[in-house]
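K.L.:
So here's entry30.cif (mmCIF, C-alpha atoms, pLDDT in the B column; chains and numbers go by the auth columns).
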```
data_upload
loop_
_atom_site.group_PDB
_atom_site.id
_atom_site.type_symbol
_atom_site.label_atom_id
_atom_site.label_comp_id
_atom_site.label_asym_id
_atom_site.label_seq_id
_atom_site.Cartn_x
_atom_site.Cartn_y
_atom_site.Cartn_z
_atom_site.B_iso_or_equiv
_atom_site.auth_seq_id
_atom_site.auth_asym_id
ATOM 1 C CA MET A 1 -46.878 46.655 -66.329 76.00 1300 A
ATOM 2 C CA LYS A 2 -50.646 46.344 -66.756 82.00 1301 A
ATOM 3 C CA ARG A 3 -50.699 43.556 -64.178 83.00 1302 A
ATOM 4 C CA TYR A 4 -48.811 45.660 -61.636 79.00 1303 A
ATOM 5 C CA MET A 5 -51.063 48.651 -62.279 83.00 1304 A
ATOM 6 C CA ARG A 6 -54.100 46.460 -61.691 84.00 1305 A
ATOM 7 C CA LEU A 7 -52.597 45.079 -58.494 81.00 1306 A
ATOM 8 C CA TYR A 8 -51.740 48.573 -57.292 80.00 1307 A
ATOM 9 C CA ARG A 9 -55.376 49.600 -57.740 81.00 1308 A
ATOM 10 C CA VAL A 10 -56.385 46.669 -55.552 79.00 1309 A
ATOM 11 C CA TYR A 11 -53.943 47.739 -52.828 75.00 1310 A
ATOM 12 C CA LEU A 12 -55.125 51.335 -53.201 75.00 1311 A
ATOM 13 C CA ASN A 13 -58.764 50.344 -52.789 75.00 1312 A
ATOM 14 C CA ASN A 14 -57.852 48.469 -49.607 76.00 1313 A
ATOM 15 C CA SER A 15 -56.082 51.565 -48.309 73.00 1314 A
ATOM 16 C CA PHE A 16 -59.199 53.641 -48.974 71.00 1315 A
ATOM 17 C CA LYS A 17 -61.251 51.125 -47.007 72.00 1316 A
ATOM 18 C CA ILE A 18 -58.851 51.452 -44.080 68.00 1317 A
ATOM 19 C CA LEU A 19 -59.054 55.244 -44.402 67.00 1318 A
ATOM 20 C CA ARG A 20 -62.853 55.179 -44.172 67.00 1319 A
ATOM 21 C CA MET A 21 -62.620 53.124 -40.984 68.00 1320 A
ATOM 22 C CA SER A 22 -60.045 55.423 -39.382 67.00 1321 A
ATOM 23 C CA THR A 23 -61.015 58.881 -40.583 67.00 1322 A
ATOM 24 C CA ALA A 24 -60.161 60.438 -37.224 66.00 1323 A
ATOM 25 C CA ASN A 25 -56.548 59.244 -37.482 66.00 1324 A
ATOM 26 C CA PHE A 26 -56.287 60.779 -40.947 63.00 1325 A
ATOM 27 C CA VAL A 27 -57.681 64.127 -39.778 69.00 1326 A
ATOM 28 C CA ILE A 28 -55.329 64.220 -36.777 71.00 1327 A
ATOM 29 C CA GLY A 29 -52.327 63.335 -38.935 65.00 1328 A
ATOM 30 C CA PHE A 30 -53.318 65.900 -41.570 68.00 1329 A
ATOM 31 C CA ILE A 31 -53.655 68.658 -38.962 73.00 1330 A
ATOM 32 C CA ALA A 32 -50.357 67.648 -37.359 70.00 1331 A
ATOM 33 C CA PHE A 33 -48.502 68.058 -40.651 68.00 1332 A
ATOM 34 C CA LEU A 34 -50.155 71.441 -41.190 69.00 1333 A
ATOM 35 C CA ALA A 35 -49.099 72.573 -37.723 71.00 1334 A
ATOM 36 C CA ILE A 36 -45.477 71.531 -38.344 69.00 1335 A
ATOM 37 C CA GLN A 37 -45.357 73.393 -41.658 68.00 1336 A
ATOM 38 C CA ILE A 38 -47.008 76.515 -40.243 70.00 1337 A
ATOM 39 C CA SER A 39 -44.471 76.674 -37.409 67.00 1338 A
ATOM 40 C CA SER A 40 -41.623 76.471 -39.947 66.00 1339 A
ATOM 41 C CA LEU A 41 -43.203 79.242 -42.020 67.00 1340 A
ATOM 42 C CA LEU A 42 -43.498 81.451 -38.953 67.00 1341 A
ATOM 43 C CA PHE A 43 -39.777 80.919 -38.375 64.00 1342 A
ATOM 44 C CA LEU A 44 -39.042 82.079 -41.935 62.00 1343 A
ATOM 45 C CA GLN A 45 -41.312 85.084 -41.507 64.00 1344 A
ATOM 46 C CA VAL A 46 -39.573 86.131 -38.303 61.00 1345 A
ATOM 47 C CA THR A 47 -36.146 85.631 -39.876 57.00 1346 A
ATOM 48 C CA PHE A 48 -36.887 87.749 -42.934 58.00 1347 A
ATOM 49 C CA GLY A 49 -38.577 90.343 -40.778 55.00 1348 A
ATOM 50 C CA ARG A 50 -35.110 91.167 -39.438 57.00 1349 A
ATOM 51 C CA ILE A 51 -32.897 90.533 -42.462 54.00 1350 A
ATOM 52 C CA PRO A 52 -33.875 91.297 -46.098 56.00 1351 A
ATOM 53 C CA SER A 53 -32.153 88.292 -47.670 56.00 1352 A
ATOM 54 C CA VAL A 54 -30.271 85.100 -46.832 61.00 1353 A
ATOM 55 C CA ASN A 55 -26.965 84.819 -48.666 63.00 1354 A
ATOM 56 C CA GLY A 56 -28.408 86.678 -51.645 74.00 1355 A
ATOM 57 C CA TYR A 57 -31.736 84.831 -51.750 80.00 1356 A
ATOM 58 C CA SER A 58 -34.910 86.851 -51.316 83.00 1357 A
ATOM 59 C CA PHE A 59 -37.781 85.845 -49.053 82.00 1358 A
ATOM 60 C CA TYR A 60 -39.820 84.519 -51.970 87.00 1359 A
ATOM 61 C CA GLN A 61 -36.911 82.490 -53.309 89.00 1360 A
ATOM 62 C CA VAL A 62 -36.256 80.879 -49.920 86.00 1361 A
ATOM 63 C CA LEU A 63 -39.994 80.279 -49.605 87.00 1362 A
ATOM 64 C CA PHE A 64 -39.979 78.585 -53.021 92.00 1363 A
ATOM 65 C CA ILE A 65 -37.078 76.314 -52.029 91.00 1364 A
ATOM 66 C CA TYR A 66 -38.888 75.396 -48.824 87.00 1365 A
ATOM 67 C CA GLY A 67 -42.236 74.727 -50.508 88.00 1366 A
ATOM 68 C CA PHE A 68 -40.735 72.889 -53.466 93.00 1367 A
ATOM 69 C CA SER A 69 -38.799 70.582 -51.126 90.00 1368 A
ATOM 70 C CA GLN A 70 -42.030 69.544 -49.399 90.00 1369 A
ATOM 71 C CA ILE A 71 -43.781 68.260 -52.524 92.00 1370 A
ATOM 72 C CA PRO A 72 -41.484 65.319 -53.464 93.00 1371 A
ATOM 73 C CA ARG A 73 -41.018 64.563 -49.778 91.00 1372 A
ATOM 74 C CA GLY A 74 -44.784 64.409 -49.333 90.00 1373 A
ATOM 75 C CA LEU A 75 -45.278 62.296 -52.454 92.00 1374 A
ATOM 76 C CA ASP A 76 -42.629 59.861 -51.268 92.00 1375 A
ATOM 77 C CA HIS A 77 -44.294 59.785 -47.851 89.00 1376 A
ATOM 78 C CA LEU A 78 -47.616 59.026 -49.563 88.00 1377 A
ATOM 79 C CA TYR A 79 -46.580 55.959 -51.544 89.00 1378 A
ATOM 80 C CA SER A 80 -43.529 54.498 -49.757 91.00 1379 A
ATOM 81 C CA ASP A 81 -44.180 55.132 -46.071 89.00 1380 A
ATOM 82 C CA TYR A 82 -44.192 51.400 -45.261 91.00 1381 A
ATOM 83 C CA LEU A 83 -40.428 51.294 -45.736 93.00 1382 A
ATOM 84 C CA TRP A 84 -40.225 52.778 -42.239 93.00 1383 A
ATOM 85 C CA ILE A 85 -42.173 49.826 -40.828 91.00 1384 A
ATOM 86 C CA PHE A 86 -40.146 47.402 -42.918 93.00 1385 A
ATOM 87 C CA SER A 87 -36.866 48.734 -41.527 92.00 1386 A
ATOM 88 C CA MET A 88 -38.209 48.353 -37.991 92.00 1387 A
ATOM 89 C CA ARG A 89 -39.811 44.918 -37.862 88.00 1388 A
ATOM 90 C CA SER A 90 -40.391 43.057 -41.139 88.00 1389 A
ATOM 91 C CA VAL A 91 -37.038 41.264 -41.194 89.00 1390 A
ATOM 92 C CA VAL A 92 -36.577 40.642 -37.490 87.00 1391 A
ATOM 93 C CA LYS A 93 -40.117 39.213 -37.195 87.00 1392 A
ATOM 94 C CA GLY A 94 -39.929 37.175 -40.395 85.00 1393 A
ATOM 95 C CA GLU A 95 -42.727 39.134 -42.081 86.00 1394 A
ATOM 96 C CA MET A 96 -40.669 39.152 -45.259 89.00 1395 A
ATOM 97 C CA ASP A 97 -41.652 35.493 -45.740 89.00 1396 A
ATOM 98 C CA ARG A 98 -45.104 36.338 -47.031 88.00 1397 A
ATOM 99 C CA TYR A 99 -43.686 38.641 -49.699 89.00 1398 A
ATOM 100 C CA LEU A 100 -41.410 35.884 -51.007 90.00 1399 A
ATOM 101 C CA VAL A 101 -44.103 33.240 -51.454 87.00 1400 A
ATOM 102 C CA ARG A 102 -46.266 35.411 -53.707 84.00 1401 A
ATOM 103 C CA PRO A 103 -45.640 35.598 -57.481 87.00 1402 A
ATOM 104 C CA VAL A 104 -45.125 39.365 -57.307 87.00 1403 A
ATOM 105 C CA SER A 105 -42.030 41.482 -56.739 90.00 1404 A
ATOM 106 C CA PRO A 106 -41.342 41.679 -52.968 92.00 1405 A
ATOM 107 C CA TYR A 107 -40.380 45.338 -53.275 93.00 1406 A
ATOM 108 C CA PHE A 108 -43.645 46.127 -55.030 91.00 1407 A
ATOM 109 C CA GLN A 109 -45.544 44.454 -52.206 90.00 1408 A
ATOM 110 C CA VAL A 110 -43.664 46.440 -49.568 91.00 1409 A
ATOM 111 C CA ILE A 111 -44.346 49.718 -51.364 90.00 1410 A
ATOM 112 C CA CYS A 112 -48.030 48.872 -51.780 87.00 1411 A
ATOM 113 C CA GLU A 113 -48.476 47.659 -48.213 85.00 1412 A
ATOM 114 C CA ARG A 114 -49.688 51.061 -47.079 83.00 1413 A
ATOM 115 C CA VAL A 115 -50.675 54.383 -48.623 83.00 1414 A
ATOM 116 C CA GLN A 116 -50.112 57.120 -46.053 82.00 1415 A
ATOM 117 C CA PHE A 117 -52.875 59.635 -46.712 80.00 1416 A
ATOM 118 C CA ASP A 118 -51.588 61.890 -43.920 78.00 1417 A
ATOM 119 C CA ALA A 119 -48.938 62.989 -46.410 80.00 1418 A
ATOM 120 C CA LEU A 120 -51.616 64.915 -48.313 81.00 1419 A
ATOM 121 C CA GLY A 121 -51.201 67.645 -45.712 79.00 1420 A
ATOM 122 C CA GLU A 122 -47.507 67.897 -46.524 83.00 1421 A
ATOM 123 C CA ILE A 123 -48.207 67.943 -50.270 88.00 1422 A
ATOM 124 C CA VAL A 124 -50.971 70.555 -50.028 85.00 1423 A
ATOM 125 C CA VAL A 125 -48.814 72.871 -47.913 85.00 1424 A
ATOM 126 C CA GLY A 126 -45.876 72.441 -50.298 88.00 1425 A
ATOM 127 C CA VAL A 127 -48.008 73.271 -53.341 91.00 1426 A
ATOM 128 C CA VAL A 128 -49.617 76.298 -51.685 87.00 1427 A
ATOM 129 C CA ILE A 129 -46.269 77.689 -50.495 88.00 1428 A
ATOM 130 C CA THR A 130 -44.679 77.143 -53.909 92.00 1429 A
ATOM 131 C CA LEU A 131 -47.549 78.841 -55.760 92.00 1430 A
ATOM 132 C CA TYR A 132 -47.454 81.778 -53.370 89.00 1431 A
ATOM 133 C CA ALA A 133 -43.670 82.110 -53.732 90.00 1432 A
ATOM 134 C CA ILE A 134 -43.988 82.198 -57.523 93.00 1433 A
ATOM 135 C CA THR A 135 -45.928 85.470 -57.262 90.00 1434 A
ATOM 136 C CA GLY A 136 -42.808 87.212 -55.943 89.00 1435 A
ATOM 137 C CA ILE A 137 -40.284 85.725 -58.396 90.00 1436 A
ATOM 138 C CA THR A 138 -39.597 86.817 -61.969 90.00 1437 A
ATOM 139 C CA PHE A 139 -38.687 83.898 -64.237 92.00 1438 A
ATOM 140 C CA PRO A 140 -36.844 84.592 -67.538 92.00 1439 A
ATOM 141 C CA ASN A 141 -38.942 81.937 -69.290 93.00 1440 A
ATOM 142 C CA PRO A 142 -41.975 80.769 -67.228 92.00 1441 A
ATOM 143 C CA GLY A 143 -42.722 77.895 -69.624 93.00 1442 A
ATOM 144 C CA ILE A 144 -39.272 76.370 -69.258 94.00 1443 A
ATOM 145 C CA SER A 145 -39.329 76.918 -65.485 93.00 1444 A
ATOM 146 C CA LEU A 146 -42.679 75.101 -65.243 94.00 1445 A
ATOM 147 C CA PHE A 147 -41.335 72.192 -67.298 95.00 1446 A
ATOM 148 C CA LEU A 148 -38.230 72.005 -65.117 95.00 1447 A
ATOM 149 C CA GLY A 149 -40.430 72.003 -62.024 94.00 1448 A
ATOM 150 C CA PHE A 150 -42.230 68.836 -63.148 95.00 1449 A
ATOM 151 C CA ILE A 151 -38.986 67.108 -64.132 95.00 1450 A
ATOM 152 C CA TYR A 152 -37.298 67.860 -60.822 95.00 1451 A
ATOM 153 C CA LEU A 153 -40.313 66.767 -58.830 95.00 1452 A
ATOM 154 C CA ILE A 154 -39.795 63.336 -60.393 95.00 1453 A
ATOM 155 C CA THR A 155 -36.057 63.285 -59.662 96.00 1454 A
ATOM 156 C CA GLY A 156 -36.785 64.473 -56.113 94.00 1455 A
ATOM 157 C CA CYS A 157 -39.135 61.551 -55.532 95.00 1456 A
ATOM 158 C CA MET A 158 -36.501 59.210 -56.947 95.00 1457 A
ATOM 159 C CA ILE A 159 -33.904 60.534 -54.497 95.00 1458 A
ATOM 160 C CA TYR A 160 -36.154 60.275 -51.437 95.00 1459 A
ATOM 161 C CA THR A 161 -37.407 56.789 -52.289 95.00 1460 A
ATOM 162 C CA SER A 162 -33.980 55.427 -53.211 96.00 1461 A
ATOM 163 C CA ILE A 163 -32.368 56.695 -49.990 96.00 1462 A
ATOM 164 C CA LYS A 164 -35.198 55.227 -47.917 95.00 1463 A
ATOM 165 C CA THR A 165 -34.897 51.956 -49.816 96.00 1464 A
ATOM 166 C CA ILE A 166 -31.140 51.757 -49.252 96.00 1465 A
ATOM 167 C CA CYS A 167 -31.523 52.423 -45.526 95.00 1466 A
ATOM 168 C CA ALA A 168 -34.441 49.980 -45.206 95.00 1467 A
ATOM 169 C CA SER A 169 -32.479 47.304 -47.117 95.00 1468 A
ATOM 170 C CA LEU A 170 -29.789 47.357 -44.453 95.00 1469 A
ATOM 171 C CA ALA A 171 -32.300 45.560 -42.235 93.00 1470 A
ATOM 172 C CA PHE A 172 -31.573 42.374 -44.197 93.00 1471 A
ATOM 173 C CA TRP A 173 -28.147 42.330 -42.545 93.00 1472 A
ATOM 174 C CA LEU A 174 -28.749 44.350 -39.372 91.00 1473 A
ATOM 175 C CA LYS A 175 -32.290 43.001 -38.706 89.00 1474 A
ATOM 176 C CA LYS A 176 -33.349 46.551 -37.757 90.00 1475 A
ATOM 177 C CA SER A 177 -32.285 49.679 -39.618 92.00 1476 A
ATOM 178 C CA ILE A 178 -34.932 52.123 -38.431 93.00 1477 A
ATOM 179 C CA TYR A 179 -32.412 54.219 -36.482 93.00 1478 A
ATOM 180 C CA ILE A 180 -30.142 54.543 -39.504 94.00 1479 A
ATOM 181 C CA LEU A 181 -33.121 55.547 -41.626 94.00 1480 A
ATOM 182 C CA GLN A 182 -34.213 58.148 -39.084 92.00 1481 A
ATOM 183 C CA SER A 183 -30.719 59.629 -38.865 92.00 1482 A
ATOM 184 C CA ILE A 184 -30.165 59.800 -42.619 93.00 1483 A
ATOM 185 C CA TYR A 185 -33.668 61.043 -43.381 90.00 1484 A
ATOM 186 C CA GLY A 186 -33.288 63.792 -40.787 87.00 1485 A
ATOM 187 C CA LEU A 187 -30.553 65.348 -42.935 89.00 1486 A
ATOM 188 C CA SER A 188 -33.219 66.340 -45.458 88.00 1487 A
ATOM 189 C CA ASP A 189 -34.273 69.140 -43.105 83.00 1488 A
ATOM 190 C CA LEU A 190 -30.965 70.871 -43.872 83.00 1489 A
ATOM 191 C CA THR A 191 -31.926 71.268 -47.527 84.00 1490 A
ATOM 192 C CA LYS A 192 -35.157 73.187 -46.980 80.00 1491 A
ATOM 193 C CA TYR A 193 -33.074 76.357 -47.092 78.00 1492 A
ATOM 194 C CA PRO A 194 -30.330 77.625 -49.460 81.00 1493 A
ATOM 195 C CA MET A 195 -27.372 75.265 -49.159 85.00 1494 A
ATOM 196 C CA SER A 196 -24.989 78.114 -49.925 82.00 1495 A
ATOM 197 C CA ILE A 197 -25.180 79.026 -46.223 81.00 1496 A
ATOM 198 C CA TYR A 198 -23.274 75.817 -45.396 85.00 1497 A
ATOM 199 C CA PRO A 199 -19.520 75.168 -45.724 89.00 1498 A
ATOM 200 C CA PRO A 200 -18.314 73.562 -49.000 90.00 1499 A
ATOM 201 C CA VAL A 201 -17.770 70.198 -47.283 93.00 1500 A
ATOM 202 C CA VAL A 202 -21.388 70.080 -46.124 90.00 1501 A
ATOM 203 C CA ARG A 203 -22.659 71.129 -49.564 90.00 1502 A
ATOM 204 C CA SER A 204 -20.631 68.380 -51.238 92.00 1503 A
ATOM 205 C CA PHE A 205 -21.847 65.822 -48.715 93.00 1504 A
ATOM 206 C CA LEU A 206 -25.500 66.774 -49.330 92.00 1505 A
ATOM 207 C CA THR A 207 -24.975 66.670 -53.088 92.00 1506 A
ATOM 208 C CA TYR A 208 -22.928 63.525 -53.714 93.00 1507 A
ATOM 209 C CA ILE A 209 -23.036 61.347 -50.579 93.00 1508 A
ATOM 210 C CA ILE A 210 -26.551 61.847 -49.183 93.00 1509 A
ATOM 211 C CA PRO A 211 -27.959 63.828 -52.117 94.00 1510 A
ATOM 212 C CA PHE A 212 -30.908 65.579 -50.521 93.00 1511 A
ATOM 213 C CA GLY A 213 -29.457 68.791 -51.916 90.00 1512 A
ATOM 214 C CA VAL A 214 -30.450 67.793 -55.446 92.00 1513 A
ATOM 215 C CA VAL A 215 -34.105 67.554 -54.411 92.00 1514 A
ATOM 216 C CA ALA A 216 -34.908 71.262 -54.036 89.00 1515 A
ATOM 217 C CA PHE A 217 -31.979 73.665 -53.773 89.00 1516 A
ATOM 218 C CA LEU A 218 -30.092 72.836 -56.988 92.00 1517 A
ATOM 219 C CA PRO A 219 -33.313 72.431 -59.019 94.00 1518 A
ATOM 220 C CA SER A 220 -34.577 75.757 -57.669 92.00 1519 A
ATOM 221 C CA GLU A 221 -31.482 77.558 -58.948 91.00 1520 A
ATOM 222 C CA LEU A 222 -32.186 76.230 -62.447 94.00 1521 A
ATOM 223 C CA ILE A 223 -35.886 77.029 -62.175 94.00 1522 A
ATOM 224 C CA PHE A 224 -35.142 80.614 -61.089 93.00 1523 A
ATOM 225 C CA THR A 225 -32.950 81.145 -64.157 92.00 1524 A
ATOM 226 C CA SER A 226 -35.016 78.943 -66.546 91.00 1525 A
ATOM 227 C CA THR A 227 -31.851 76.993 -67.385 90.00 1526 A
ATOM 228 C CA LEU A 228 -32.735 73.866 -69.341 89.00 1527 A
ATOM 229 C CA ILE A 229 -29.346 72.168 -69.688 88.00 1528 A
ATOM 230 C CA SER A 230 -26.275 72.770 -67.543 91.00 1529 A
ATOM 231 C CA PRO A 231 -23.740 70.795 -65.468 92.00 1530 A
ATOM 232 C CA ILE A 232 -26.087 71.205 -62.492 92.00 1531 A
ATOM 233 C CA SER A 233 -29.003 69.615 -64.361 93.00 1532 A
ATOM 234 C CA LEU A 234 -26.781 66.694 -65.355 94.00 1533 A
ATOM 235 C CA THR A 235 -25.738 66.325 -61.717 94.00 1534 A
ATOM 236 C CA ILE A 236 -29.356 66.239 -60.548 95.00 1535 A
ATOM 237 C CA ILE A 237 -30.517 63.680 -63.103 95.00 1536 A
ATOM 238 C CA GLY A 238 -27.320 61.656 -62.764 95.00 1537 A
ATOM 239 C CA MET A 239 -27.564 61.402 -58.970 95.00 1538 A
ATOM 240 C CA ALA A 240 -31.257 60.467 -59.158 96.00 1539 A
ATOM 241 C CA CYS A 241 -30.561 57.652 -61.634 96.00 1540 A
ATOM 242 C CA LEU A 242 -27.426 56.511 -59.796 96.00 1541 A
ATOM 243 C CA PHE A 243 -29.120 56.222 -56.413 96.00 1542 A
ATOM 244 C CA THR A 244 -32.159 54.528 -57.921 96.00 1543 A
ATOM 245 C CA LEU A 245 -29.865 51.917 -59.472 97.00 1544 A
ATOM 246 C CA LEU A 246 -27.894 51.597 -56.231 97.00 1545 A
ATOM 247 C CA ALA A 247 -31.095 51.108 -54.235 96.00 1546 A
ATOM 248 C CA SER A 248 -32.215 48.366 -56.628 96.00 1547 A
ATOM 249 C CA ILE A 249 -28.891 46.526 -56.366 96.00 1548 A
ATOM 250 C CA ILE A 250 -28.722 46.708 -52.558 96.00 1549 A
ATOM 251 C CA TRP A 251 -32.351 45.614 -52.179 96.00 1550 A
ATOM 252 C CA LYS A 252 -31.867 42.584 -54.444 94.00 1551 A
ATOM 253 C CA LYS A 253 -28.696 41.553 -52.616 95.00 1552 A
ATOM 254 C CA GLY A 254 -30.554 41.935 -49.331 94.00 1553 A
ATOM 255 C CA VAL A 255 -33.408 39.711 -50.491 93.00 1554 A
ATOM 256 C CA LYS A 256 -30.922 37.011 -51.527 92.00 1555 A
ATOM 257 C CA SER A 257 -29.275 37.112 -48.087 89.00 1556 A
ATOM 258 C CA TYR A 258 -32.568 37.112 -46.153 88.00 1557 A
ATOM 259 C CA GLU A 259 -33.016 34.482 -43.496 83.00 1558 A
ATOM 260 C CA SER A 260 -36.385 33.846 -41.928 78.00 1559 A
ATOM 261 C CA ALA A 261 -36.893 34.512 -38.229 70.00 1560 A
ATOM 262 C CA GLY A 262 -37.117 30.755 -37.536 60.00 1561 A
ATOM 263 C CA ASN A 263 -37.930 29.620 -34.012 50.00 1562 A
#
```
Please render this file's structure as structure tokens.
P.N.:
Amino acid sequence: MKRYMRLYRVYLNNSFKILRMSTANFVIGFIAFLAIQISSLLFLQVTFGRIPSVNGYSFYQVLFIYGFSQIPRGLDHLYSDYLWIFSMRSVVKGEMDRYLVRPVSPYFQVICERVQFDALGEIVVGVVITLYAITGITFPNPGISLFLGFIYLITGCMIYTSIKTICASLAFWLKKSIYILQSIYGLSDLTKYPMSIYPPVVRSFLTYIIPFGVVAFLPSELIFTSTLISPISLTIIGMACLFTLLASIIWKKGVKSYESAGN
């Protein structure tokens, strides 16, 4: 573990060097993320300007779900963004070869290949929105709700990273899986709002098949009520662990079946 932490610092220092040489790209990306989030917030403001609540959820509660969903998504974007590039070209161009000849885990190398600092805009907006939403919500036990928030941020990151890893791993067999990754990842936009507005089939699909629903909506319900242990909490933690294990298995099988690009 110490060796991998030391190696990660080396990769991180290299990413900072790249950032210093391309500051303009970082600023543009940061502003772009802010613009996207602001436009979504304006949509929420207009919506709640006409209706007082959405399926029983107040404006501040919906705002909390939205903001809370952005934090693990932004963190995942920060440290695992290279999986997008991997799914698009690393297998078909034979770039995977260089990861296999080094005495370090290939997956670790892929994750460390790039730190996407643009994601800081997404994280900052998510934190600000969440903190603002808290001012309009009464929690039965603020201490427990805060603890749950940290726990579910971790499980949210696990869900995002595992789903991206599974989709990216399909490139070992399909050569390119970027379109699958884009399609699956796009479903996460559905879970920025209360999932109770969707039919039961859609809710089940977003909970057990493509479990983006356990990133923000289900955790938010427990945070609102300061519920420490319940069937929902077991579902959240169980799905996070299950998909992390599934991602590990699929990735390892993909590495074993990898064939270089050749001539």
K.L.:
With the PyMOL selection byres ((chain A and resi 1494-1499) around 10) as the selection, what would be picked from this file? Answer as a PDB file with C-alpha atoms, in the frame of the given file, please.
P.N.:
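This went into expr_16.pdb:
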```
ATOM      1  CA  VAL A1353     -30.271  85.100 -46.832  1.00 61.00           C
ATOM      2  CA  ASN A1354     -26.965  84.819 -48.666  1.00 63.00           C
ATOM      3  CA  GLY A1355     -28.408  86.678 -51.645  1.00 74.00           C
ATOM      4  CA  TYR A1356     -31.736  84.831 -51.750  1.00 80.00           C
ATOM      5  CA  LEU A1489     -30.965  70.871 -43.872  1.00 83.00           C
ATOM      6  CA  THR A1490     -31.926  71.268 -47.527  1.00 84.00           C
ATOM      7  CA  LYS A1491     -35.157  73.187 -46.980  1.00 80.00           C
ATOM      8  CA  TYR A1492     -33.074  76.357 -47.092  1.00 78.00           C
ATOM      9  CA  PRO A1493     -30.330  77.625 -49.460  1.00 81.00           C
ATOM     10  CA  VAL A1500     -17.770  70.198 -47.283  1.00 93.00           C
ATOM     11  CA  VAL A1501     -21.388  70.080 -46.124  1.00 90.00           C
ATOM     12  CA  ARG A1502     -22.659  71.129 -49.564  1.00 90.00           C
ATOM     13  CA  SER A1503     -20.631  68.380 -51.238  1.00 92.00           C
ATOM     14  CA  PHE A1504     -21.847  65.822 -48.715  1.00 93.00           C
ATOM     15  CA  LEU A1505     -25.500  66.774 -49.330  1.00 92.00           C
ATOM     16  CA  THR A1506     -24.975  66.670 -53.088  1.00 92.00           C
ATOM     17  CA  GLY A1512     -29.457  68.791 -51.916  1.00 90.00           C
ATOM     18  CA  ALA A1515     -34.908  71.262 -54.036  1.00 89.00           C
ATOM     19  CA  PHE A1516     -31.979  73.665 -53.773  1.00 89.00           C
ATOM     20  CA  LEU A1517     -30.092  72.836 -56.988  1.00 92.00           C
TER      21      LEU A1517
END
```
K.L.:
From the options A:Val1423, A:Met1457, A:Leu1544, A:Ile1465, which residue's atoms come nearest to Ile1477 in chain A, counting only C-alpha atoms?
P.N.:
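Distance minimum relative to Ile1477 in chain A lands on A:Ile1465.
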K.L.:
Got a sec: who's within 10 Å of range 1425-1438 of chain A, counting all atoms listed in the file, leaving out chain neighbours fewer than 5 positions off, as a PyMOL selection string?
P.N.:
chain A and resi 1336+1340+1357-1373+1419-1420+1443-1445+1522-1525
K.L.:
Taking all atoms listed in the file into account, produce a table as CSV in which each residue of range 1463-1554 of chain A with an atom at most 10 Å from an atom of range 1404-1410 of chain A appears once, together with its shortest atom pair and the distance in Å to one decimal, ordered by chain and rising number.
P.N.:
```
residue,atom,partner,partner_atom,distance
A:Thr1464,CA,A:Tyr1406,CA,9.3
A:Ser1547,CA,A:Tyr1406,CA,9.3
A:Trp1550,CA,A:Tyr1406,CA,8.1
A:Lys1551,CA,A:Tyr1406,CA,9.0
A:Val1554,CA,A:Pro1405,CA,8.5
```
K.L.:
Just to be explicit: take each residue in the selection above, keep C-alpha atoms, and write the result as a short mmCIF file (atom, residue, chain, number, x, y, z; two decimals), in the frame of the given file.
P.N.:
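In the end it all went to part_10.cif:
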```cif
data_model
loop_
_atom_site.label_atom_id
_atom_site.label_comp_id
_atom_site.auth_asym_id
_atom_site.auth_seq_id
_atom_site.Cartn_x
_atom_site.Cartn_y
_atom_site.Cartn_z
CA THR A 1464 -34.90 51.96 -49.82
CA SER A 1547 -32.22 48.37 -56.63
CA TRP A 1550 -32.35 45.61 -52.18
CA LYS A 1551 -31.87 42.58 -54.44
CA VAL A 1554 -33.41 39.71 -50.49
#
```
K.L.:
Taking the file as I've supplied it (selection: the PyMOL selection byres ((chain A and resi 1531) around 12)), which residues are included? Please answer as number ranges by chain.
P.N.:
A: 1451, 1506, 1512-1514, 1516-1522, 1526-1530, 1532-1538
K.L.:
Quick one: everything within 12 Å of Leu1382 in chain A, counting only C-alpha atoms, minus sequence neighbours fewer than 4 positions away in the same chain. Send it as a PyMOL selection string.
P.N.:
chain A and resi 1375-1378+1386-1390+1406-1415+1459-1470+1475-1477+1480-1481+1550
K.L.:
Emit as AutoDock Vina command-line options the padded axis-aligned box for all listed atoms of range 1358-1375 of chain A, 8 Å per side, with centre and edge lengths in Å to one decimal.
P.N.:
```
--center_x -40.8 --center_y 72.9 --center_z -51.1 --size_x 25.0 --size_y 42.0 --size_z 20.6
```
